[in-house]
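Colleague: Structure file run-v2.pdb (PDB, C-alpha atoms) right here:
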```
ATOM      1  CA  MET A   1      71.766 102.090  86.855
ATOM      2  CA  ASP A   2      70.408  99.694  84.248
ATOM      3  CA  THR A   3      72.353  96.718  82.889
ATOM      4  CA  ALA A   4      72.755  98.193  79.392
ATOM      5  CA  THR A   5      74.534 101.235  80.810
ATOM      6  CA  MET A   6      76.841  98.984  82.831
ATOM      7  CA  TRP A   7      77.819  97.149  79.650
ATOM      8  CA  LEU A   8      78.462 100.460  77.903
ATOM      9  CA  LEU A   9      80.731 101.525  80.748
ATOM     10  CA  LEU A  10      82.668  98.263  80.447
ATOM     11  CA  PHE A  11      83.108  98.673  76.701
ATOM     12  CA  GLY A  12      84.216 102.257  77.326
ATOM     13  CA  ALA A  13      86.869 101.061  79.763
ATOM     14  CA  VAL A  14      88.134  98.542  77.203
ATOM     15  CA  ALA A  15      88.272 101.251  74.518
ATOM     16  CA  ALA A  16      90.198 103.547  76.879
ATOM     17  CA  ALA A  17      92.728 100.777  77.593
ATOM     18  CA  LEU A  18      93.268 100.193  73.876
ATOM     19  CA  LEU A  19      93.707 103.936  73.371
ATOM     20  CA  ILE A  20      96.363 104.013  76.094
ATOM     21  CA  ALA A  21      98.106 101.071  74.409
ATOM     22  CA  ALA A  22      98.148 103.022  71.151
ATOM     23  CA  LEU A  23      99.340 106.272  72.748
ATOM     24  CA  THR A  24     102.161 104.484  74.569
ATOM     25  CA  ARG A  25     103.086 102.694  71.329
ATOM     26  CA  THR A  26     102.929  99.295  72.970
ATOM     27  CA  ARG A  27     103.879  96.627  70.449
ATOM     28  CA  PHE A  28     102.092  93.292  70.601
ATOM     29  CA  THR A  29     104.074  90.403  69.139
ATOM     30  CA  VAL A  30     102.748  86.862  68.902
ATOM     31  CA  GLN A  31     104.912  85.890  71.871
ATOM     32  CA  LYS A  32     103.659  88.813  73.972
ATOM     33  CA  ILE A  33     100.014  88.122  73.154
ATOM     34  CA  SER A  34     100.555  84.489  74.132
ATOM     35  CA  VAL A  35     102.031  85.447  77.507
ATOM     36  CA  VAL A  36      99.212  87.942  78.154
ATOM     37  CA  GLY A  37      96.639  85.272  77.300
ATOM     38  CA  VAL A  38      98.193  82.717  79.646
ATOM     39  CA  MET A  39      98.454  85.256  82.459
ATOM     40  CA  ALA A  40      94.850  86.373  81.950
ATOM     41  CA  ALA A  41      93.759  82.746  82.209
ATOM     42  CA  LEU A  42      95.793  82.274  85.387
ATOM     43  CA  SER A  43      94.244  85.429  86.869
ATOM     44  CA  PHE A  44      90.811  84.065  86.085
ATOM     45  CA  VAL A  45      91.563  80.663  87.627
ATOM     46  CA  ALA A  46      93.186  82.147  90.742
ATOM     47  CA  TYR A  47      90.110  84.267  91.387
ATOM     48  CA  GLU A  48      87.317  82.010  90.225
ATOM     49  CA  PHE A  49      88.414  78.787  91.901
ATOM     50  CA  PHE A  50      90.653  79.781  94.815
ATOM     51  CA  ARG A  51      89.086  82.903  96.286
ATOM     52  CA  ILE A  52      87.563  83.195  99.755
ATOM     53  CA  PRO A  53      84.427  85.385  99.670
ATOM     54  CA  PHE A  54      84.115  88.074 102.318
ATOM     55  CA  ALA A  55      81.628  90.785 103.293
ATOM     56  CA  GLY A  56      80.541  93.549 100.913
ATOM     57  CA  GLY A  57      81.290  91.641  97.738
ATOM     58  CA  SER A  58      85.043  91.574  98.475
ATOM     59  CA  SER A  59      87.123  88.402  98.663
ATOM     60  CA  PHE A  60      90.590  87.127  99.476
ATOM     61  CA  HIS A  61      92.346  85.975  96.289
ATOM     62  CA  LEU A  62      95.670  85.962  94.418
ATOM     63  CA  GLY A  63      94.384  87.057  91.012
ATOM     64  CA  ASN A  64      96.352  90.321  91.153
ATOM     65  CA  THR A  65      99.569  88.308  91.294
ATOM     66  CA  PHE A  66      99.527  87.785  87.544
ATOM     67  CA  THR A  67      98.790  91.428  86.777
ATOM     68  CA  ALA A  68     101.958  92.511  88.567
ATOM     69  CA  LEU A  69     103.950  89.568  87.215
ATOM     70  CA  THR A  70     103.017  90.268  83.587
ATOM     71  CA  ALA A  71     103.792  93.956  83.989
ATOM     72  CA  MET A  72     107.266  93.131  85.285
ATOM     73  CA  LEU A  73     107.947  90.529  82.617
ATOM     74  CA  LEU A  74     106.563  92.531  79.662
ATOM     75  CA  ASP A  75     105.271  96.073  80.189
ATOM     76  CA  GLY A  76     102.597  97.982  82.039
ATOM     77  CA  VAL A  77      99.943  97.886  79.341
ATOM     78  CA  SER A  78     100.339  94.139  78.846
ATOM     79  CA  GLY A  79     100.203  93.535  82.584
ATOM     80  CA  GLY A  80      97.145  95.708  82.908
ATOM     81  CA  LEU A  81      95.374  93.894  80.080
ATOM     82  CA  ALA A  82      96.230  90.465  81.504
ATOM     83  CA  GLY A  83      94.691  91.260  84.877
ATOM     84  CA  ALA A  84      91.828  93.322  83.489
ATOM     85  CA  ILE A  85      90.758  90.677  80.990
ATOM     86  CA  GLY A  86      91.084  87.711  83.341
ATOM     87  CA  LEU A  87      89.393  89.231  86.364
ATOM     88  CA  ALA A  88      86.756  91.248  84.512
ATOM     89  CA  LEU A  89      85.837  88.060  82.662
ATOM     90  CA  ALA A  90      85.213  86.376  86.012
ATOM     91  CA  ASP A  91      82.778  89.159  86.877
ATOM     92  CA  VAL A  92      81.063  88.910  83.490
ATOM     93  CA  ILE A  93      80.580  85.161  83.880
ATOM     94  CA  ALA A  94      79.115  85.822  87.321
ATOM     95  CA  GLY A  95      76.640  88.205  85.636
ATOM     96  CA  ASP A  96      78.069  91.384  87.211
ATOM     97  CA  PRO A  97      78.910  93.902  84.435
ATOM     98  CA  GLY A  98      78.957  96.666  87.062
ATOM     99  CA  TYR A  99      81.745  94.898  88.931
ATOM    100  CA  ALA A 100      83.458  94.036  85.632
ATOM    101  CA  PHE A 101      83.635  97.731  84.688
ATOM    102  CA  THR A 102      85.434  98.776  87.866
ATOM    103  CA  THR A 103      87.536  95.595  87.954
ATOM    104  CA  PHE A 104      88.848  96.290  84.442
ATOM    105  CA  ILE A 105      89.884  99.818  85.426
ATOM    106  CA  LEU A 106      91.485  98.812  88.723
ATOM    107  CA  LYS A 107      93.544  95.944  87.303
ATOM    108  CA  PHE A 108      94.680  98.052  84.377
ATOM    109  CA  ILE A 109      95.947 100.677  86.812
ATOM    110  CA  ILE A 110      97.881  98.019  88.752
ATOM    111  CA  GLY A 111      99.597  96.925  85.550
ATOM    112  CA  LEU A 112     100.494 100.464  84.482
ATOM    113  CA  VAL A 113     102.027 101.337  87.850
ATOM    114  CA  CYS A 114     103.950  98.054  88.191
ATOM    115  CA  GLY A 115     105.219  98.333  84.619
ATOM    116  CA  ALA A 116     106.367 101.931  85.018
ATOM    117  CA  THR A 117     108.168 101.118  88.271
ATOM    118  CA  ALA A 118     109.796  97.979  86.901
ATOM    119  CA  HIS A 119     110.919  99.283  83.520
ATOM    120  CA  LYS A 120     111.232 103.055  83.885
ATOM    121  CA  ILE A 121     112.596 103.337  87.418
ATOM    122  CA  PHE A 122     114.396 100.064  88.179
ATOM    123  CA  ARG A 123     114.906  98.799  84.593
ATOM    124  CA  LEU A 124     114.586  95.180  85.659
ATOM    125  CA  GLY A 125     115.189  93.789  82.177
ATOM    126  CA  SER A 126     118.771  95.065  82.088
ATOM    127  CA  ARG A 127     119.507  95.000  85.804
ATOM    128  CA  SER A 128     122.302  92.733  87.023
ATOM    129  CA  ARG A 129     121.414  89.861  89.345
ATOM    130  CA  ALA A 130     124.933  89.808  90.794
ATOM    131  CA  GLN A 131     123.961  91.940  93.772
ATOM    132  CA  ARG A 132     121.113  89.830  95.056
ATOM    133  CA  GLY A 133     119.946  92.186  97.796
ATOM    134  CA  PRO A 134     119.409  95.272  95.595
ATOM    135  CA  TYR A 135     117.957  93.138  92.800
ATOM    136  CA  LEU A 136     115.438  91.474  95.127
ATOM    137  CA  ALA A 137     114.519  94.869  96.554
ATOM    138  CA  ALA A 138     113.921  96.248  93.045
ATOM    139  CA  VAL A 139     111.720  93.296  92.092
ATOM    140  CA  THR A 140     109.746  93.559  95.332
ATOM    141  CA  ALA A 141     109.261  97.318  94.986
ATOM    142  CA  SER A 142     108.128  96.880  91.379
ATOM    143  CA  ALA A 143     105.532  94.285  92.323
ATOM    144  CA  PHE A 144     104.272  96.126  95.384
ATOM    145  CA  SER A 145     104.032  99.550  93.715
ATOM    146  CA  GLY A 146     100.884  98.845  91.724
ATOM    147  CA  LEU A 147      99.410  96.626  94.408
ATOM    148  CA  LEU A 148      99.928  99.378  96.993
ATOM    149  CA  VAL A 149      98.139 101.865  94.747
ATOM    150  CA  ASN A 150      95.305  99.338  94.520
ATOM    151  CA  VAL A 151      94.894  99.421  98.305
ATOM    152  CA  PHE A 152      93.645 103.001  97.880
ATOM    153  CA  THR A 153      91.995 102.901  94.455
ATOM    154  CA  ASP A 154      89.992  99.719  95.038
ATOM    155  CA  PRO A 155      87.945 101.063  97.981
ATOM    156  CA  LEU A 156      87.493 104.485  96.343
ATOM    157  CA  VAL A 157      86.364 103.125  92.990
ATOM    158  CA  GLY A 158      84.272 100.556  94.842
ATOM    159  CA  TYR A 159      82.514 103.350  96.726
ATOM    160  CA  PHE A 160      81.711 105.071  93.426
ATOM    161  CA  ARG A 161      80.386 101.794  92.016
ATOM    162  CA  ASP A 162      78.253 100.987  95.038
ATOM    163  CA  ARG A 163      76.796 104.482  95.297
ATOM    164  CA  TYR A 164      76.211 105.443  91.666
ATOM    165  CA  ILE A 165      75.995 102.141  89.770
ATOM    166  CA  PHE A 166      74.333  99.913  92.377
ATOM    167  CA  GLY A 167      72.527 102.743  94.162
ATOM    168  CA  GLN A 168      73.519 101.816  97.711
ATOM    169  CA  PRO A 169      72.948 104.336 100.532
ATOM    170  CA  ALA A 170      76.033 106.353 101.512
ATOM    171  CA  GLU A 171      76.136 104.783 104.978
ATOM    172  CA  VAL A 172      76.239 101.242 103.591
ATOM    173  CA  ALA A 173      78.815 102.121 100.919
ATOM    174  CA  THR A 174      81.023 103.728 103.588
ATOM    175  CA  ILE A 175      80.966 100.556 105.694
ATOM    176  CA  PHE A 176      81.892  98.434 102.696
ATOM    177  CA  ILE A 177      84.769 100.754 101.734
ATOM    178  CA  LYS A 178      86.376 100.129 105.131
ATOM    179  CA  ILE A 179      85.995  96.364 104.768
ATOM    180  CA  THR A 180      87.325  96.435 101.205
ATOM    181  CA  GLY A 181      90.382  98.436 102.253
ATOM    182  CA  GLY A 182      91.465  95.796 104.772
ATOM    183  CA  VAL A 183      90.807  92.879 102.439
ATOM    184  CA  THR A 184      92.656  94.593  99.586
ATOM    185  CA  LEU A 185      95.694  95.221 101.794
ATOM    186  CA  VAL A 186      95.914  91.516 102.671
ATOM    187  CA  ASN A 187      95.484  90.558  99.004
ATOM    188  CA  SER A 188      98.191  93.016  97.973
ATOM    189  CA  LEU A 189     100.738  91.709 100.457
ATOM    190  CA  LEU A 190     100.115  88.078  99.511
ATOM    191  CA  SER A 191     100.109  88.862  95.786
ATOM    192  CA  THR A 192     103.398  90.749  96.125
ATOM    193  CA  VAL A 193     105.103  87.731  97.669
ATOM    194  CA  CYS A 194     103.731  85.404  94.972
ATOM    195  CA  ALA A 195     104.625  87.789  92.121
ATOM    196  CA  VAL A 196     108.203  88.170  93.365
ATOM    197  CA  VAL A 197     108.713  84.412  93.736
ATOM    198  CA  LEU A 198     107.246  83.703  90.296
ATOM    199  CA  TYR A 199     109.250  86.476  88.644
ATOM    200  CA  LEU A 200     112.532  85.235  90.057
ATOM    201  CA  ALA A 201     111.708  81.707  88.884
ATOM    202  CA  LEU A 202     110.253  82.476  85.441
ATOM    203  CA  GLU A 203     112.179  85.479  84.140
ATOM    204  CA  PRO A 204     115.473  83.643  83.379
ATOM    205  CA  ALA A 205     113.647  80.765  81.653
ATOM    206  CA  LEU A 206     111.491  83.096  79.546
ATOM    207  CA  GLN A 207     114.567  85.099  78.582
ATOM    208  CA  ARG A 208     116.306  81.944  77.373
ATOM    209  CA  ALA A 209     113.196  81.012  75.394
ATOM    210  CA  HIS A 210     113.156  84.498  73.796
ATOM    211  CA  LEU A 211     109.609  85.113  75.023
ATOM    212  CA  LEU A 212     110.379  88.454  76.640
ATOM    213  CA  PRO A 213     110.995  91.804  74.909
ATOM    214  CA  LYS A 214     114.567  93.059  74.760
ATOM    215  CA  ALA A 215     115.523  95.506  77.470
ATOM    216  CA  GLU A 216     115.878  99.080  76.249
TER
END
```
Go ahead and render the structure in this file as structure tokens.

Modeller:
Amino acid sequence: MDTATMWLLLFGAVAAALLIAALTRTRFTVQKISVVGVMAALSFVAYEFFRIPFAGGSSFHLGNTFTALTAMLLDGVSGGLAGAIGLALADVIAGDPGYAFTTFILKFIIGLVCGATAHKIFRLGSRSRAQRGPYLAAVTASAFSGLLVNVFTDPLVGYFRDRYIFGQPAEVATIFIKITGGVTLVNSLLSTVCAVVLYLALEPALQRAHLLPKAE
């Protein structure tokens, strides 16, 4: 697939994300945009400067931490955009629009799932911290939900990318999907731990600073 088509696919993914934001009536205040921007930058830094490259184009990194964290602090769309922008930008700078296209989609999905779990199921924003065990379990489940989904979607979407965008033979793409699955699982577990620790530390301070949306 030629480079121009890859760029068109990336722009299409961005347009789809904005459409989802509109359909879900996600409101973007100055404070929320600021938090998303900071988290996108942290995602970029965590991936670009602290990753460990591995076989098949995969790598060990903590960039997904900030996707889950933003989704829990704000909402799913904001979390998805933070991770999608930061990590897709890393791919663009590396000159890989094909990777950027699938990265944008995958990170956006992580944010949507984490946000739905955190705010629709566990309602973290209004949940009492008095019972530490249940609260910690809710935070952990919220963070891990989207990252667990990514363990399955990352290899599958990666297979599609390798076969139909990069034109790899099926045998090679199948080998890489197995490698990617293992690497993604490790990344998800580490990112869950980091997201939980950061959420527990940052959420009270951001609430006091009035940087988080009011719980419904």

Colleague: What does the distance from CA of Leu81 in chain A to CA of Pro155 in chain A come to in Å, to one decimal?

Modeller: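 Straight-line distance from CA of Leu81 in chain A to CA of Pro155 in chain A works out to 20.7 Å.
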
Colleague: Which one is closest to Ala71 in chain A: A:Ser191, A:Ser142, A:Thr24, A:Ser126? Count only C-alpha atoms.

Modeller: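 Closest to Ala71 in chain A of all the choices is A:Ser142.
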
Colleague: Which polymer residues have any atom within 12 Å of an atom of Leu8 in chain A, counting all atoms listed in the file, with same-chain residues fewer than 6 positions away left out, as a list in words?

Modeller: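 In the requested form, the answer reads Met1, Asp2, Val14, Ala15, Pro97, Gly98, Ala100 and Phe101 of chain A.
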
Colleague: Based on the selection just made, write C-alpha atoms of those residues as a PDB file, in the frame of the given file.

Modeller:
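Listed below is the output, out_25.pdb:
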```
ATOM      1  CA  MET A   1      71.766 102.090  86.855  1.00  0.00           C
ATOM      2  CA  ASP A   2      70.408  99.694  84.248  1.00  0.00           C
ATOM      3  CA  VAL A  14      88.134  98.542  77.203  1.00  0.00           C
ATOM      4  CA  ALA A  15      88.272 101.251  74.518  1.00  0.00           C
ATOM      5  CA  PRO A  97      78.910  93.902  84.435  1.00  0.00           C
ATOM      6  CA  GLY A  98      78.957  96.666  87.062  1.00  0.00           C
ATOM      7  CA  ALA A 100      83.458  94.036  85.632  1.00  0.00           C
ATOM      8  CA  PHE A 101      83.635  97.731  84.688  1.00  0.00           C
TER       9      PHE A 101
END
```

Colleague: What residues come out when you apply the PyMOL selection byres ((chain A and resi 58) around 12) to this file, written as a PyMOL selection string?

Modeller: chain A and resi 47+51-57+59-61+99+103+154-155+158+176-187

Colleague: For the residues in that selection, give me C-alpha atoms as a JSON list (two decimals), in the coordinates of the input.

Modeller:
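File written: result-v5.json
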```
[["chain", "number", "residue", "atom", "x", "y", "z"],
["A", 47, "TYR", "CA", 90.11, 84.27, 91.39],
["A", 51, "ARG", "CA", 89.09, 82.90, 96.29],
["A", 52, "ILE", "CA", 87.56, 83.20, 99.76],
["A", 53, "PRO", "CA", 84.43, 85.38, 99.67],
["A", 54, "PHE", "CA", 84.12, 88.07, 102.32],
["A", 55, "ALA", "CA", 81.63, 90.78, 103.29],
["A", 56, "GLY", "CA", 80.54, 93.55, 100.91],
["A", 57, "GLY", "CA", 81.29, 91.64, 97.74],
["A", 59, "SER", "CA", 87.12, 88.40, 98.66],
["A", 60, "PHE", "CA", 90.59, 87.13, 99.48],
["A", 61, "HIS", "CA", 92.35, 85.98, 96.29],
["A", 99, "TYR", "CA", 81.74, 94.90, 88.93],
["A", 103, "THR", "CA", 87.54, 95.60, 87.95],
["A", 154, "ASP", "CA", 89.99, 99.72, 95.04],
["A", 155, "PRO", "CA", 87.94, 101.06, 97.98],
["A", 158, "GLY", "CA", 84.27, 100.56, 94.84],
["A", 176, "PHE", "CA", 81.89, 98.43, 102.70],
["A", 177, "ILE", "CA", 84.77, 100.75, 101.73],
["A", 178, "LYS", "CA", 86.38, 100.13, 105.13],
["A", 179, "ILE", "CA", 86.00, 96.36, 104.77],
["A", 180, "THR", "CA", 87.32, 96.44, 101.20],
["A", 181, "GLY", "CA", 90.38, 98.44, 102.25],
["A", 182, "GLY", "CA", 91.46, 95.80, 104.77],
["A", 183, "VAL", "CA", 90.81, 92.88, 102.44],
["A", 184, "THR", "CA", 92.66, 94.59, 99.59],
["A", 185, "LEU", "CA", 95.69, 95.22, 101.79],
["A", 186, "VAL", "CA", 95.91, 91.52, 102.67],
["A", 187, "ASN", "CA", 95.48, 90.56, 99.00]]
```

Colleague: To one decimal in Å, tell me the separation between CA of Gly95 in chain A and CA of Phe49 in chain A.

Modeller: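 Between these atoms lies a distance of 16.3 Å.
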
Colleague: Calculate how many Å separate CA of Ile110 in chain A from CA of Leu147 in chain A, rounding to one decimal.

Modeller: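 One can read the CA of Ile110 in chain A to CA of Leu147 in chain A distance as 6.0 Å.
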
Colleague: Would you please work out which residue, of A:Val113, A:Ala205, A:Glu171, A:Val196, is nearest to Phe66 in chain A when using all atoms listed in the file?

Modeller: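 Of the candidates, the smallest distance to Phe66 in chain A is held by A:Val196.
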
Colleague: Quick one: everything within 9 Å of Ala41 in chain A, counting all atoms listed in the file, minus sequence neighbours fewer than 6 positions away in the same chain. Send it as a ChimeraX atom specification.

Modeller: /A:82-83,85-87

Colleague: Select, from A:Gly111, A:Ile20, A:Gly79, A:Gly12, the residue with the minimum atom-to-atom distance to Gly37 in chain A, counting all atoms listed in the file.

Modeller: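 So, comparing all the options, the nearest one is A:Gly79.
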
Colleague: Once the PyMOL selection byres ((chain A and resi 143) around 12) has been applied to the shown file, what residues remain in the selection, as JSON, numbers by chain?

Modeller: {"A": [64, 65, 66, 67, 68, 69, 70, 71, 72, 73, 76, 79, 110, 111, 112, 113, 114, 115, 116, 117, 118, 119, 122, 124, 136, 137, 138, 139, 140, 141, 142, 144, 145, 146, 147, 148, 149, 150, 188, 189, 190, 191, 192, 193, 194, 195, 196, 197, 198, 199, 200]}
